[in-house]
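Engineer: Supplied structure: query-v3.csv, CSV, C-alpha atoms.
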chain,number,residue,atom,x,y,z
A,1,MET,CA,-66.4,6.4,36.9
A,2,TYR,CA,-66.0,2.7,36.4
A,3,GLY,CA,-66.4,2.1,40.1
A,4,LEU,CA,-69.7,3.9,40.0
A,5,ILE,CA,-70.9,1.9,36.9
A,6,SER,CA,-69.9,-1.4,38.3
A,7,LEU,CA,-71.6,-0.6,41.6
A,8,LEU,CA,-74.7,0.2,39.6
A,9,SER,CA,-74.7,-3.0,37.7
A,10,LEU,CA,-74.0,-5.0,40.9
A,11,TRP,CA,-77.0,-3.4,42.7
A,12,ALA,CA,-79.4,-3.2,39.7
A,13,ILE,CA,-80.8,-6.7,39.9
A,14,PRO,CA,-81.2,-7.1,43.7
A,15,VAL,CA,-82.9,-3.7,43.9
A,16,LEU,CA,-85.1,-4.5,40.9
A,17,LEU,CA,-86.1,-7.8,42.4
A,18,ALA,CA,-87.0,-6.3,45.7
A,19,PHE,CA,-88.8,-3.4,44.2
A,20,ILE,CA,-90.9,-5.5,41.9
A,21,LEU,CA,-92.0,-7.7,44.8
A,22,VAL,CA,-92.6,-5.0,47.3
A,23,HIS,CA,-94.6,-3.0,44.8
A,24,ALA,CA,-96.7,-6.0,43.8
A,25,TRP,CA,-97.3,-6.9,47.5
A,26,SER,CA,-98.6,-3.4,48.2
A,27,ARG,CA,-101.0,-3.8,45.3
A,28,ARG,CA,-102.2,-7.1,46.7
A,29,VAL,CA,-100.9,-9.2,43.8
A,30,PRO,CA,-100.5,-12.9,44.8
A,31,VAL,CA,-96.8,-12.9,44.1
A,32,TYR,CA,-96.1,-16.6,44.3
A,33,GLU,CA,-99.0,-17.7,42.0
A,34,THR,CA,-98.2,-15.0,39.6
A,35,PHE,CA,-94.6,-15.9,39.4
A,36,VAL,CA,-95.4,-19.5,38.7
A,37,GLU,CA,-97.9,-18.5,36.0
A,38,GLY,CA,-95.3,-16.3,34.3
A,39,ALA,CA,-92.5,-18.8,34.7
A,40,ARG,CA,-94.6,-21.4,32.8
A,41,GLY,CA,-94.6,-19.0,29.9
A,42,GLY,CA,-90.8,-19.0,30.0
A,43,LEU,CA,-90.8,-22.7,29.6
A,44,VAL,CA,-93.0,-22.6,26.6
A,45,THR,CA,-90.8,-19.9,25.0
A,46,SER,CA,-87.6,-22.0,25.5
A,47,ILE,CA,-89.2,-25.0,23.8
A,48,LYS,CA,-90.3,-22.8,20.9
A,49,ILE,CA,-86.7,-21.5,20.5
A,50,MET,CA,-84.9,-24.8,20.7
A,51,PRO,CA,-85.5,-26.1,17.1
A,52,HIS,CA,-84.3,-22.7,15.7
A,53,LEU,CA,-81.2,-22.7,17.8
A,54,VAL,CA,-80.3,-26.3,16.8
A,55,ALA,CA,-80.8,-25.4,13.1
A,56,MET,CA,-78.6,-22.4,13.3
A,57,MET,CA,-75.9,-24.0,15.4
A,58,VAL,CA,-75.7,-27.0,13.0
A,59,ALA,CA,-75.2,-24.7,10.0
A,60,ILE,CA,-72.6,-22.6,11.8
A,61,THR,CA,-70.6,-25.6,13.3
A,62,LEU,CA,-70.5,-27.2,9.8
A,63,PHE,CA,-69.3,-24.0,8.2
A,64,ARG,CA,-66.5,-23.7,10.8
A,65,GLU,CA,-65.4,-27.4,11.0
A,66,SER,CA,-65.5,-28.1,7.2
A,67,GLY,CA,-62.9,-25.5,6.5
A,68,ALA,CA,-65.2,-23.2,4.6
A,69,MET,CA,-64.6,-20.5,7.2
A,70,GLU,CA,-60.8,-20.6,6.6
A,71,LEU,CA,-61.4,-20.6,2.8
A,72,LEU,CA,-63.5,-17.4,3.1
A,73,LEU,CA,-60.8,-15.8,5.3
A,74,GLY,CA,-58.1,-16.7,2.9
A,75,SER,CA,-59.9,-15.1,0.0
A,76,LEU,CA,-60.6,-11.9,1.9
A,77,ARG,CA,-57.0,-11.5,3.2
A,78,PRO,CA,-55.5,-9.4,0.3
A,79,LEU,CA,-58.4,-6.9,0.5
A,80,LEU,CA,-58.0,-6.6,4.2
A,81,GLN,CA,-54.3,-6.2,4.1
A,82,TRP,CA,-54.8,-3.4,1.6
A,83,LEU,CA,-57.2,-1.8,4.1
A,84,HIS,CA,-54.5,-2.2,6.9
A,85,VAL,CA,-56.7,-4.5,8.9
A,86,PRO,CA,-54.5,-6.9,10.9
A,87,SER,CA,-55.2,-10.4,9.6
A,88,GLU,CA,-55.2,-11.9,13.1
A,89,ILE,CA,-58.4,-10.0,13.9
A,90,VAL,CA,-60.3,-11.1,10.7
A,91,PRO,CA,-61.6,-14.4,12.0
A,92,LEU,CA,-63.2,-12.6,15.0
A,93,ALA,CA,-64.8,-10.0,12.8
A,94,LEU,CA,-66.3,-12.7,10.6
A,95,MET,CA,-67.4,-14.9,13.5
A,96,ARG,CA,-68.9,-12.1,15.6
A,97,PRO,CA,-72.3,-12.0,13.9
A,98,LEU,CA,-72.6,-15.8,13.5
A,99,SER,CA,-71.8,-17.3,16.9
A,100,GLY,CA,-71.4,-15.7,20.4
A,101,THR,CA,-69.5,-18.6,21.9
A,102,GLY,CA,-67.4,-19.0,18.8
A,103,SER,CA,-66.3,-15.4,18.8
A,104,LEU,CA,-65.7,-15.4,22.5
A,105,ALA,CA,-63.4,-18.3,22.0
A,106,ILE,CA,-61.4,-16.4,19.3
A,107,THR,CA,-61.3,-13.3,21.5
A,108,THR,CA,-60.0,-15.3,24.5
A,109,ASP,CA,-57.4,-17.0,22.2
A,110,LEU,CA,-56.2,-13.6,20.9
A,111,ILE,CA,-55.9,-12.2,24.4
A,112,ALA,CA,-54.1,-15.3,25.6
A,113,GLN,CA,-51.7,-15.2,22.6
A,114,TYR,CA,-50.9,-11.5,22.3
A,115,GLY,CA,-51.7,-10.3,25.8
A,116,PRO,CA,-54.7,-8.3,27.0
A,117,ASP,CA,-52.8,-5.0,26.9
A,118,SER,CA,-51.5,-5.4,23.3
A,119,LEU,CA,-53.1,-3.5,20.5
A,120,LEU,CA,-54.6,-6.7,19.2
A,121,GLY,CA,-55.9,-7.7,22.6
A,122,ARG,CA,-57.6,-4.3,23.0
A,123,LEU,CA,-59.0,-4.5,19.5
A,124,ALA,CA,-60.4,-8.0,20.1
A,125,SER,CA,-61.9,-6.9,23.4
A,126,THR,CA,-63.6,-3.9,21.9
A,127,MET,CA,-64.9,-5.8,18.9
A,128,GLN,CA,-66.3,-8.6,21.0
A,129,GLY,CA,-68.0,-6.2,23.4
A,130,SER,CA,-69.4,-3.7,20.9
A,131,THR,CA,-72.0,-5.8,19.1
A,132,ASP,CA,-74.2,-8.7,19.9
A,133,THR,CA,-74.5,-11.9,17.9
A,134,THR,CA,-76.9,-11.0,15.1
A,135,LEU,CA,-77.8,-14.5,14.0
A,136,TYR,CA,-78.4,-15.6,17.5
A,137,VAL,CA,-80.6,-12.6,18.4
A,138,LEU,CA,-82.6,-13.0,15.2
A,139,THR,CA,-83.0,-16.7,15.7
A,140,VAL,CA,-84.2,-16.4,19.3
A,141,TYR,CA,-86.4,-13.3,19.0
A,142,PHE,CA,-88.2,-14.3,15.8
A,143,GLY,CA,-88.3,-18.0,16.8
A,144,ALA,CA,-90.0,-17.2,20.1
A,145,VAL,CA,-93.0,-15.6,18.4
A,146,GLY,CA,-93.1,-17.7,15.2
A,147,ILE,CA,-92.0,-15.0,12.7
A,148,ARG,CA,-91.0,-16.7,9.4
A,149,ASN,CA,-90.3,-13.7,7.3
A,150,GLY,CA,-87.8,-11.4,9.0
A,151,ALA,CA,-88.3,-8.6,6.5
A,152,TYR,CA,-85.1,-6.5,6.4
A,153,ALA,CA,-84.0,-7.3,10.0
A,154,LEU,CA,-81.1,-9.5,9.0
A,155,LYS,CA,-79.7,-7.0,6.5
A,156,VAL,CA,-79.8,-4.2,9.2
A,157,GLY,CA,-78.1,-6.5,11.7
A,158,LEU,CA,-75.3,-7.6,9.4
A,159,TRP,CA,-74.6,-4.1,8.1
A,160,SER,CA,-74.5,-2.7,11.6
A,161,ASP,CA,-72.1,-5.5,12.6
A,162,LEU,CA,-69.8,-4.3,9.9
A,163,ALA,CA,-70.2,-0.8,11.2
A,164,GLY,CA,-69.3,-2.0,14.7
A,165,VAL,CA,-66.1,-3.7,13.4
A,166,VAL,CA,-65.0,-0.6,11.4
A,167,ALA,CA,-65.9,1.6,14.4
A,168,SER,CA,-63.8,-0.6,16.7
A,169,LEU,CA,-60.8,-0.5,14.4
A,170,ILE,CA,-60.9,3.3,14.1
A,171,VAL,CA,-61.6,4.0,17.8
A,172,VAL,CA,-59.0,1.6,19.1
A,173,TYR,CA,-56.4,2.9,16.6
A,174,LEU,CA,-57.2,6.5,17.6
A,175,VAL,CA,-57.1,5.8,21.4
A,176,PHE,CA,-54.4,3.3,21.7
A,177,GLY,CA,-52.6,3.3,18.3
B,1,MET,CA,-83.1,-14.6,3.2
B,2,LEU,CA,-82.7,-16.8,6.2
B,3,ASN,CA,-83.6,-19.8,4.1
B,4,LEU,CA,-80.9,-19.0,1.7
B,5,ILE,CA,-78.2,-18.3,4.3
B,6,TRP,CA,-79.0,-21.6,6.1
B,7,LEU,CA,-79.0,-23.6,2.9
B,8,GLY,CA,-75.8,-21.8,1.7
B,9,LEU,CA,-73.9,-22.4,4.9
B,10,ILE,CA,-74.7,-26.1,4.9
B,11,LEU,CA,-74.2,-26.8,1.2
B,12,ILE,CA,-70.9,-24.8,1.0
B,13,SER,CA,-69.7,-26.7,4.1
B,14,VAL,CA,-70.4,-30.1,2.5
B,15,VAL,CA,-68.7,-29.1,-0.8
B,16,VAL,CA,-65.6,-27.7,0.9
B,17,ALA,CA,-65.3,-30.7,3.2
B,18,ALA,CA,-65.5,-33.0,0.2
B,19,PHE,CA,-62.8,-31.1,-1.6
B,20,ASN,CA,-60.6,-31.2,1.4
B,21,GLY,CA,-61.1,-34.9,1.6
B,22,ARG,CA,-62.5,-34.6,5.1
B,23,ILE,CA,-66.1,-35.5,4.5
B,24,GLU,CA,-66.3,-37.4,7.8
B,25,VAL,CA,-66.2,-34.0,9.5
B,26,ILE,CA,-69.8,-33.2,8.3
B,27,SER,CA,-71.7,-35.8,10.2
B,28,GLN,CA,-69.6,-35.2,13.3
B,29,ALA,CA,-70.0,-31.5,13.2
B,30,SER,CA,-73.8,-31.8,12.6
B,31,PHE,CA,-74.3,-33.6,15.9
B,32,GLU,CA,-71.9,-31.3,17.6
B,33,GLY,CA,-73.8,-28.3,16.4
B,34,ALA,CA,-77.1,-29.8,17.4
B,35,LYS,CA,-75.7,-30.4,20.8
B,36,THR,CA,-74.5,-26.8,21.1
B,37,GLY,CA,-78.0,-25.6,20.1
B,38,VAL,CA,-79.6,-27.7,22.9
B,39,THR,CA,-77.0,-26.6,25.4
B,40,VAL,CA,-77.4,-23.0,24.7
B,41,CYS,CA,-81.2,-23.4,24.9
B,42,PHE,CA,-80.9,-25.1,28.3
B,43,GLY,CA,-78.7,-22.2,29.4
B,44,LEU,CA,-81.5,-19.9,28.4
B,45,LEU,CA,-84.2,-22.0,30.0
B,46,SER,CA,-83.5,-21.3,33.6
B,47,ILE,CA,-83.0,-17.5,32.9
B,48,LEU,CA,-86.2,-17.3,30.9
B,49,VAL,CA,-88.3,-19.2,33.4
B,50,PHE,CA,-87.1,-17.1,36.3
B,51,TRP,CA,-87.3,-13.6,34.6
B,52,MET,CA,-90.6,-14.3,32.9
B,53,GLY,CA,-92.0,-15.2,36.3
B,54,MET,CA,-90.7,-11.9,37.7
B,55,MET,CA,-92.0,-9.9,34.7
B,56,LYS,CA,-95.4,-11.4,35.1
B,57,ILE,CA,-95.5,-10.0,38.7
B,58,ALA,CA,-94.4,-6.5,37.4
B,59,GLU,CA,-97.1,-6.7,34.8
B,60,LYS,CA,-99.9,-7.7,37.1
B,61,SER,CA,-99.0,-5.0,39.7
B,62,GLY,CA,-99.1,-2.3,37.0
B,63,LEU,CA,-95.4,-1.5,37.4
B,64,LEU,CA,-94.7,-2.2,33.7
B,65,HIS,CA,-97.6,-0.1,32.6
B,66,LEU,CA,-96.3,2.8,34.7
B,67,LEU,CA,-92.9,2.4,33.2
B,68,SER,CA,-94.2,2.4,29.7
B,69,LYS,CA,-96.3,5.5,30.3
B,70,LEU,CA,-93.4,7.3,31.9
B,71,LEU,CA,-91.0,6.6,29.1
B,72,SER,CA,-93.3,6.6,26.1
B,73,PRO,CA,-92.2,10.0,25.0
B,74,VAL,CA,-88.6,8.7,24.6
B,75,VAL,CA,-89.1,5.1,23.4
B,76,GLY,CA,-92.3,6.0,21.5
B,77,ARG,CA,-90.2,8.0,19.1
B,78,LEU,CA,-88.3,4.9,18.1
B,79,PHE,CA,-91.5,2.9,17.9
B,80,PRO,CA,-94.1,5.1,16.3
B,81,ASP,CA,-96.4,2.2,15.5
B,82,VAL,CA,-96.9,1.2,19.1
B,83,PRO,CA,-99.8,2.9,20.9
B,84,LYS,CA,-98.9,5.1,23.9
B,85,GLY,CA,-98.9,3.2,27.2
B,86,HIS,CA,-98.9,-0.2,25.5
B,87,PRO,CA,-97.1,-2.8,27.7
B,88,ALA,CA,-94.7,-3.5,24.8
B,89,LEU,CA,-93.0,-0.1,25.4
B,90,GLY,CA,-92.5,-1.1,29.1
B,91,TYR,CA,-90.8,-4.3,28.0
B,92,ILE,CA,-88.7,-2.6,25.4
B,93,MET,CA,-87.5,-0.1,27.9
B,94,SER,CA,-86.6,-2.8,30.4
B,95,ASN,CA,-84.8,-4.7,27.6
B,96,MET,CA,-82.8,-1.6,26.6
B,97,SER,CA,-81.8,-0.7,30.2
B,98,ALA,CA,-80.7,-4.3,30.9
B,99,ASN,CA,-78.6,-4.3,27.7
B,100,ILE,CA,-77.0,-1.0,28.7
B,101,LEU,CA,-76.1,-2.2,32.2
B,102,GLY,CA,-74.5,-5.3,30.7
B,103,LEU,CA,-77.1,-7.6,32.2
B,104,GLY,CA,-77.4,-9.7,29.1
B,105,ASN,CA,-79.1,-12.5,31.0
B,106,ALA,CA,-82.0,-10.3,32.0
B,107,ALA,CA,-82.2,-8.5,28.7
B,108,THR,CA,-83.2,-11.5,26.6
B,109,PRO,CA,-86.4,-12.5,28.6
B,110,MET,CA,-87.5,-8.8,28.5
B,111,GLY,CA,-86.8,-8.6,24.8
B,112,LEU,CA,-88.8,-11.7,24.2
B,113,LYS,CA,-91.8,-10.4,26.2
B,114,ALA,CA,-91.6,-7.3,24.1
B,115,MET,CA,-91.6,-9.4,21.0
B,116,GLU,CA,-94.7,-11.2,22.2
B,117,GLU,CA,-96.5,-7.9,22.8
B,118,LEU,CA,-95.4,-6.6,19.4
B,119,GLN,CA,-96.7,-9.8,17.8
B,120,LYS,CA,-100.2,-9.0,19.3
B,121,LEU,CA,-100.1,-5.7,17.4
B,122,ASN,CA,-98.7,-7.3,14.2
B,123,PRO,CA,-101.4,-7.7,11.4
B,124,ASP,CA,-99.4,-10.5,9.6
B,125,LYS,CA,-98.2,-13.1,12.2
B,126,ASN,CA,-95.7,-14.6,9.8
B,127,THR,CA,-93.8,-11.5,8.8
B,128,ALA,CA,-91.9,-9.2,11.1
B,129,SER,CA,-93.5,-5.8,11.7
B,130,ALA,CA,-91.5,-2.6,11.5
B,131,SER,CA,-91.4,-2.3,15.3
B,132,MET,CA,-90.0,-5.8,15.6
B,133,CYS,CA,-87.2,-5.0,13.1
B,134,THR,CA,-86.3,-1.9,15.2
B,135,LEU,CA,-86.2,-3.9,18.4
B,136,LEU,CA,-84.0,-6.4,16.6
B,137,ALA,CA,-81.7,-3.6,15.3
B,138,ILE,CA,-81.3,-2.2,18.9
B,139,ASN,CA,-80.5,-5.7,20.2
B,140,THR,CA,-78.0,-6.8,17.6
B,141,ALA,CA,-76.0,-3.6,17.9
B,142,SER,CA,-76.7,-3.4,21.7
B,143,ILE,CA,-75.1,-0.5,23.5
B,144,THR,CA,-73.1,-1.9,26.4
B,145,LEU,CA,-71.9,0.2,29.3
B,146,ILE,CA,-70.0,-2.7,30.9
B,147,PRO,CA,-68.9,-5.7,28.8
B,148,THR,CA,-68.7,-7.9,31.9
B,149,THR,CA,-67.5,-11.1,30.2
B,150,ILE,CA,-64.6,-9.3,28.4
B,151,ILE,CA,-63.4,-7.6,31.5
B,152,ALA,CA,-63.4,-10.9,33.4
B,153,ILE,CA,-61.3,-12.5,30.6
B,154,ARG,CA,-58.8,-9.6,30.5
B,155,MET,CA,-58.4,-9.9,34.3
B,156,GLN,CA,-57.8,-13.6,34.0
B,157,TYR,CA,-55.0,-13.0,31.6
B,158,GLY,CA,-53.3,-10.5,33.8
B,159,SER,CA,-54.2,-7.2,32.2
B,160,SER,CA,-52.8,-4.2,34.0
B,161,GLN,CA,-55.9,-2.2,33.0
B,162,PRO,CA,-58.8,-4.6,32.5
B,163,VAL,CA,-61.4,-1.9,32.2
B,164,GLU,CA,-59.5,0.4,29.8
B,165,ILE,CA,-61.6,-1.0,26.9
B,166,VAL,CA,-64.9,0.2,28.5
B,167,GLY,CA,-64.6,3.6,26.7
B,168,THR,CA,-63.7,2.3,23.3
B,169,THR,CA,-66.4,-0.4,23.5
B,170,LEU,CA,-69.0,2.2,24.5
B,171,ILE,CA,-68.1,4.5,21.6
B,172,ALA,CA,-67.9,1.6,19.0
B,173,SER,CA,-71.2,0.1,20.2
B,174,PHE,CA,-72.8,3.6,20.2
B,175,ILE,CA,-71.7,4.1,16.6
B,176,ALA,CA,-73.0,0.7,15.6
B,177,THR,CA,-76.4,1.3,17.3
B,178,VAL,CA,-76.9,4.7,15.7
B,179,PHE,CA,-76.0,3.2,12.3
B,180,ALA,CA,-78.4,0.3,12.9
B,181,LEU,CA,-81.2,2.7,13.8
B,182,LEU,CA,-80.6,4.9,10.7
B,183,LEU,CA,-80.4,1.9,8.4
B,184,ASP,CA,-83.6,0.5,10.0
B,185,ARG,CA,-85.4,3.7,9.3
B,186,TRP,CA,-84.2,3.7,5.7
B,187,TYR,CA,-85.2,0.1,5.1
B,188,ARG,CA,-88.6,0.7,6.7
B,189,HIS,CA,-89.5,3.4,4.3
B,190,ARG,CA,-88.3,1.4,1.3
B,191,TYR,CA,-90.2,-1.7,2.5
B,192,ARG,CA,-93.4,0.3,2.9
B,193,LYS,CA,-93.1,1.9,-0.5
B,194,ARG,CA,-92.6,-1.4,-2.2
B,195,GLN,CA,-95.7,-2.9,-0.4
B,196,ARG,CA,-98.0,-0.2,-1.7
Would you write out, as structure tokens, the structure that this file holds?

Structural biologist:
Amino acid sequence: MYGLISLLSLWAIPVLLAFILVHAWSRRVPVYETFVEGARGGLVTSIKIMPHLVAMMVAITLFRESGAMELLLGSLRPLLQWLHVPSEIVPLALMRPLSGTGSLAITTDLIAQYGPDSLLGRLASTMQGSTDTTLYVLTVYFGAVGIRNGAYALKVGLWSDLAGVVASLIVVYLVFG
Amino acid sequence: MLNLIWLGLILISVVVAAFNGRIEVISQASFEGAKTGVTVCFGLLSILVFWMGMMKIAEKSGLLHLLSKLLSPVVGRLFPDVPKGHPALGYIMSNMSANILGLGNAATPMGLKAMEELQKLNPDKNTASASMCTLLAINTASITLIPTTIIAIRMQYGSSQPVEIVGTTLIASFIATVFALLLDRWYRHRYRKRQR
């Protein structure tokens, strides 16, 4: 099953690229000029996103480096112990919605420390893979089109991150526990 | 909401650093954070430029329109506000398929093109529309079939079964996505009621 899936993901992009080009060519679309025209749009989008990313990354780095993150973790620890959540996994659960590179670093660290096949290693892997970085997605997607008021999108994102964390805990305990 | 979170993160950091007697960390971390922001953006730049070029070709040739027409019965249900056969649906579909296949690099440009199309339909250009929120919900929860990065890390650290977490990840991300969509629906109704 996995072999099939990985084969699919290996071939998806090359096939997609070739298909888009051949289809366009058969419709007499000037592929080169069209590519350049569209690519220019990509440049504009990236420049629009940059200030948003800088703003977010500054806030998140400050929060982590100042020790505020640790403080938050420490205050949550009793509650989590009561819920039987291993305290080693908590930094990851908190970092996951904030920073993709930050949470990946924590995941790598947990895997290196406890081994990829330990319960913690499996839990970290599942948690890291099961949701995307909410704040990053929000910043990039809304920043690109100039949305200032995100309505309820942030709430939905953060609550579903929590759902992802709880689901990872339950599923990993059921499967590997 | 985002204003408050941003302000809160920074102010709390400054206060905590001051209490810990490590106030010098603040200016250092600000520059470091800004640098990370720029680095991440440059990482995105090449991908965005490339894929948006390709997507433009797919748009001009009519491939995207075809895709959105073909799949509008499925995706249309999630996005009832988007007219049938609108290019936004094609981009949304490409974004979702790329996410599922674990092609995060390709998913972002397609998602951003979808946002651009949704913004054209949006009556209030400063406020996110209901469809935009749904697209965000799908992307923050993101169902992933193959968490490629994690598998690579597990292999690197000598796992005997690097792919054994594919199943648990799929189930957990499926639960998170369903939850996100239900919550999105609920908030959408509440939001509309309040605006009337």

Engineer: For a quick check of understanding, using only C-alpha atoms, which of B:Ser129, B:Thr144, B:Ser173, B:Asn95 has the smallest distance to Ser68 of chain B?

Structural biologist: B:Asn95

Engineer: Could you give me, as an mmCIF file with C-alpha atoms, in the coordinates of the input, the residues within 12 Å of Arg77 of chain B, counting only C-alpha atoms and dropping anything in the same chain fewer than 6 positions from it?

Structural biologist:
data_model
loop_
_atom_site.group_PDB
_atom_site.id
_atom_site.type_symbol
_atom_site.label_atom_id
_atom_site.label_comp_id
_atom_site.auth_asym_id
_atom_site.auth_seq_id
_atom_site.Cartn_x
_atom_site.Cartn_y
_atom_site.Cartn_z
ATOM 1 C CA LEU B 71 -91.000 6.600 29.100
ATOM 2 C CA PRO B 83 -99.800 2.900 20.900
ATOM 3 C CA LYS B 84 -98.900 5.100 23.900
ATOM 4 C CA LEU B 89 -93.000 -0.100 25.400
ATOM 5 C CA SER B 131 -91.400 -2.300 15.300
ATOM 6 C CA THR B 134 -86.300 -1.900 15.200
ATOM 7 C CA LEU B 181 -81.200 2.700 13.800
ATOM 8 C CA ARG B 185 -85.400 3.700 9.300
#

Engineer: For Ile89 of chain A, find every residue with an atom within 12 Å (counting all atoms listed in the file), except residues of its own chain fewer than 6 positions away, and show them as a PyMOL selection string.

Structural biologist: chain A and resi 73+77+80-81+95-96+103+106-111+114+119-128+165-166+168-169

Engineer: Considering all atoms listed in the file, state which residue in the set B:Val178, B:Ile146, B:Met110, B:Thr127 is at the smallest distance from chain A.

Structural biologist: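 Counting all atoms listed in the file, the residue closest to chain A is B:Thr127.
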
Engineer: Do you know which residues lie at most 12 Å from (-67.9, 3.5, 24.5), with coordinates as in the file and all atoms listed in the file counted, and could you write them as a ChimeraX atom specification?

Structural biologist: /A:126-127,129-131,164,167-168,171-172,175 /B:100,142-147,163-177

Engineer: One decimal, Å: what's the distance from atom CA of Trp6 of chain B over to atom CA of Met56 of chain A, could you say?

Structural biologist: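 Rounded to one decimal, the two atoms are 7.3 Å apart.
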
Engineer: When you get a sec, could you note down which chain B residues fall within 6 Å of chain A, using only C-alpha atoms, as a count of residues only?

Structural biologist: 40

Engineer: Record the distance separating atom CA of Ile150 of chain B and atom CA of Ala93 of chain A, expressed in Å with one decimal.

Structural biologist: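 Value for the atom CA of Ile150 of chain B-atom CA of Ala93 of chain A distance: 15.6 Å.
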
Engineer: In Å, rounded to a single decimal, give me how far atom CA of Asn99 of chain B is from atom CA of Val40 of chain B.

Structural biologist: 19.0 Å

Engineer: Between B:Met115, B:Leu66, B:Leu135, B:Leu44, single out the one closest to Phe79 of chain B, counting only C-alpha atoms.

Structural biologist: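 Ranking B:Met115, B:Leu66, B:Leu135, B:Leu44 by distance to Phe79 of chain B, first place goes to B:Leu135.
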